[in-house]
Amino acid sequence: MKGSGYMRTLVTLACTGCKRRNYTTTKNKSTMPDRMEIKKYCPWCRHHTLHKETR
């Protein structure tokens with residue numbers, strides 16, 4: 001990672017169907033202050049489901 005001015009942080013995405021934590025990604029907190037929600041494929045549900053950012 002870059003210096004202390006680097007704004008991107010690592011976030012974990014959890015499936016809303018089975019509650020498993022499937023993906024990690026980065027986000028810029030200054031442009032996206034709210035929790036991230038992305039529709040992604042869940043290998044345990046075997047469907048595309050909504051994945052929400054967990055703490």
# chains A, B, ... in the order shown; residues from 1 in each chain; ligands from 1
>>> residues_around(residues="A:Asn22", least_positions_apart="2", cutoff="10 Å", atoms="only C-alpha atoms", output="list in words")
Thr12, Leu13, Ala14, Cys15, Lys19, Arg20, Thr24, Lys40, Tyr41, Cys42, Pro43, Trp44 and His51 of chain A
>>> write_last_selection(atoms="N, CA, C and O atoms", output="PDB file, in the first residue's frame")
ATOM      1  N   THR A  12     -14.796  -6.593   3.185  1.00  0.00           N
ATOM      2  CA  THR A  12     -15.227  -7.962   2.961  1.00  0.00           C
ATOM      3  C   THR A  12     -16.693  -7.955   2.567  1.00  0.00           C
ATOM      4  O   THR A  12     -17.499  -7.241   3.171  1.00  0.00           O
ATOM      5  N   LEU A  13     -17.059  -8.754   1.565  1.00  0.00           N
ATOM      6  CA  LEU A  13     -18.438  -8.835   1.092  1.00  0.00           C
ATOM      7  C   LEU A  13     -19.031 -10.164   1.516  1.00  0.00           C
ATOM      8  O   LEU A  13     -18.430 -11.217   1.317  1.00  0.00           O
ATOM      9  N   ALA A  14     -20.248 -10.121   2.104  1.00  0.00           N
ATOM     10  CA  ALA A  14     -20.934 -11.324   2.568  1.00  0.00           C
ATOM     11  C   ALA A  14     -22.238 -11.491   1.806  1.00  0.00           C
ATOM     12  O   ALA A  14     -22.948 -10.523   1.528  1.00  0.00           O
ATOM     13  N   CYS A  15     -22.563 -12.729   1.488  1.00  0.00           N
ATOM     14  CA  CYS A  15     -23.790 -13.062   0.772  1.00  0.00           C
ATOM     15  C   CYS A  15     -24.986 -12.819   1.683  1.00  0.00           C
ATOM     16  O   CYS A  15     -24.955 -13.156   2.871  1.00  0.00           O
ATOM     17  N   LYS A  19     -25.113 -15.848   4.179  1.00  0.00           N
ATOM     18  CA  LYS A  19     -24.301 -15.090   5.143  1.00  0.00           C
ATOM     19  C   LYS A  19     -22.829 -15.469   5.150  1.00  0.00           C
ATOM     20  O   LYS A  19     -22.106 -15.155   6.083  1.00  0.00           O
ATOM     21  N   ARG A  20     -22.348 -16.134   4.117  1.00  0.00           N
ATOM     22  CA  ARG A  20     -20.920 -16.471   4.046  1.00  0.00           C
ATOM     23  C   ARG A  20     -20.139 -15.308   3.456  1.00  0.00           C
ATOM     24  O   ARG A  20     -20.625 -14.603   2.585  1.00  0.00           O
ATOM     25  N   THR A  24     -13.409 -10.261  -1.097  1.00  0.00           N
ATOM     26  CA  THR A  24     -12.789  -9.070  -0.532  1.00  0.00           C
ATOM     27  C   THR A  24     -12.485  -8.128  -1.681  1.00  0.00           C
ATOM     28  O   THR A  24     -12.161  -8.563  -2.785  1.00  0.00           O
ATOM     29  N   LYS A  40     -23.220 -10.401  -6.883  1.00  0.00           N
ATOM     30  CA  LYS A  40     -22.135 -11.273  -7.325  1.00  0.00           C
ATOM     31  C   LYS A  40     -22.564 -12.733  -7.196  1.00  0.00           C
ATOM     32  O   LYS A  40     -23.543 -13.038  -6.530  1.00  0.00           O
ATOM     33  N   TYR A  41     -21.788 -13.617  -7.822  1.00  0.00           N
ATOM     34  CA  TYR A  41     -22.090 -15.046  -7.767  1.00  0.00           C
ATOM     35  C   TYR A  41     -21.636 -15.635  -6.435  1.00  0.00           C
ATOM     36  O   TYR A  41     -20.515 -15.419  -5.991  1.00  0.00           O
ATOM     37  N   CYS A  42     -22.532 -16.403  -5.800  1.00  0.00           N
ATOM     38  CA  CYS A  42     -22.192 -17.100  -4.557  1.00  0.00           C
ATOM     39  C   CYS A  42     -22.024 -18.581  -4.881  1.00  0.00           C
ATOM     40  O   CYS A  42     -22.975 -19.228  -5.329  1.00  0.00           O
ATOM     41  N   PRO A  43     -20.835 -19.156  -4.664  1.00  0.00           N
ATOM     42  CA  PRO A  43     -20.631 -20.561  -4.990  1.00  0.00           C
ATOM     43  C   PRO A  43     -21.417 -21.519  -4.092  1.00  0.00           C
ATOM     44  O   PRO A  43     -21.684 -22.641  -4.487  1.00  0.00           O
ATOM     45  N   TRP A  44     -21.791 -21.112  -2.888  1.00  0.00           N
ATOM     46  CA  TRP A  44     -22.551 -21.985  -1.996  1.00  0.00           C
ATOM     47  C   TRP A  44     -24.043 -21.950  -2.315  1.00  0.00           C
ATOM     48  O   TRP A  44     -24.715 -22.966  -2.257  1.00  0.00           O
ATOM     49  N   HIS A  51     -24.489  -9.104  -2.379  1.00  0.00           N
ATOM     50  CA  HIS A  51     -23.421  -9.197  -1.378  1.00  0.00           C
ATOM     51  C   HIS A  51     -23.250  -7.822  -0.748  1.00  0.00           C
ATOM     52  O   HIS A  51     -23.099  -6.831  -1.455  1.00  0.00           O
TER      53      HIS A  51
END
>>> closest_residue(among="A:His48, A:Glu53, A:Gly17, A:Arg8", to="A:Met36", atoms="only C-alpha atoms")
A:Glu53
>>> residues_around(residues="stretch 28-32 of chain A", least_positions_apart="5", cutoff="10 Å", atoms="only C-alpha atoms", output="list in words")
Tyr6, Met7, Arg8, Thr9 and Leu10 of chain A
>>> atom_distance(atom1="atom CA of A:Ile38", atom2="atom CA of A:Leu50")
5.7 Å
>>> select_by_dssp(residues="chain A", states="strand (DSSP E)", output="PyMOL selection string")
chain A and resi 8-15+21-28+37-42+47-54
>>> write_last_selection(atoms="C-alpha atoms", output="PDB file, in the first residue's frame")
ATOM      1  CA  ARG A   8      -8.709   2.949  -0.314  1.00  0.00           C
ATOM      2  CA  THR A   9      -9.549   0.417   2.386  1.00  0.00           C
ATOM      3  CA  LEU A  10     -10.041  -3.336   2.270  1.00  0.00           C
ATOM      4  CA  VAL A  11     -13.662  -4.495   2.725  1.00  0.00           C
ATOM      5  CA  THR A  12     -15.227  -7.962   2.961  1.00  0.00           C
ATOM      6  CA  LEU A  13     -18.438  -8.835   1.092  1.00  0.00           C
ATOM      7  CA  ALA A  14     -20.934 -11.324   2.568  1.00  0.00           C
ATOM      8  CA  CYS A  15     -23.790 -13.062   0.772  1.00  0.00           C
ATOM      9  CA  ARG A  21     -18.053 -14.094   3.434  1.00  0.00           C
ATOM     10  CA  ASN A  22     -17.087 -14.812  -0.162  1.00  0.00           C
ATOM     11  CA  TYR A  23     -15.222 -11.802  -1.555  1.00  0.00           C
ATOM     12  CA  THR A  24     -12.789  -9.070  -0.532  1.00  0.00           C
ATOM     13  CA  THR A  25     -12.316  -5.839  -2.429  1.00  0.00           C
ATOM     14  CA  THR A  26     -11.180  -2.259  -1.873  1.00  0.00           C
ATOM     15  CA  LYS A  27     -13.215   0.901  -1.834  1.00  0.00           C
ATOM     16  CA  ASN A  28     -12.517   4.608  -1.611  1.00  0.00           C
ATOM     17  CA  GLU A  37     -23.743  -3.594  -2.103  1.00  0.00           C
ATOM     18  CA  ILE A  38     -22.889  -5.606  -5.240  1.00  0.00           C
ATOM     19  CA  LYS A  39     -24.697  -8.452  -6.967  1.00  0.00           C
ATOM     20  CA  LYS A  40     -22.135 -11.273  -7.325  1.00  0.00           C
ATOM     21  CA  TYR A  41     -22.090 -15.046  -7.767  1.00  0.00           C
ATOM     22  CA  CYS A  42     -22.192 -17.100  -4.557  1.00  0.00           C
ATOM     23  CA  HIS A  47     -26.899 -18.101  -7.744  1.00  0.00           C
ATOM     24  CA  HIS A  48     -26.113 -14.450  -8.270  1.00  0.00           C
ATOM     25  CA  THR A  49     -27.115 -12.838  -4.974  1.00  0.00           C
ATOM     26  CA  LEU A  50     -26.676  -9.455  -3.328  1.00  0.00           C
ATOM     27  CA  HIS A  51     -23.421  -9.197  -1.378  1.00  0.00           C
ATOM     28  CA  LYS A  52     -23.131  -6.520   1.304  1.00  0.00           C
ATOM     29  CA  GLU A  53     -20.080  -5.043   2.982  1.00  0.00           C
ATOM     30  CA  THR A  54     -19.410  -6.432   6.465  1.00  0.00           C
TER      31      THR A  54
END
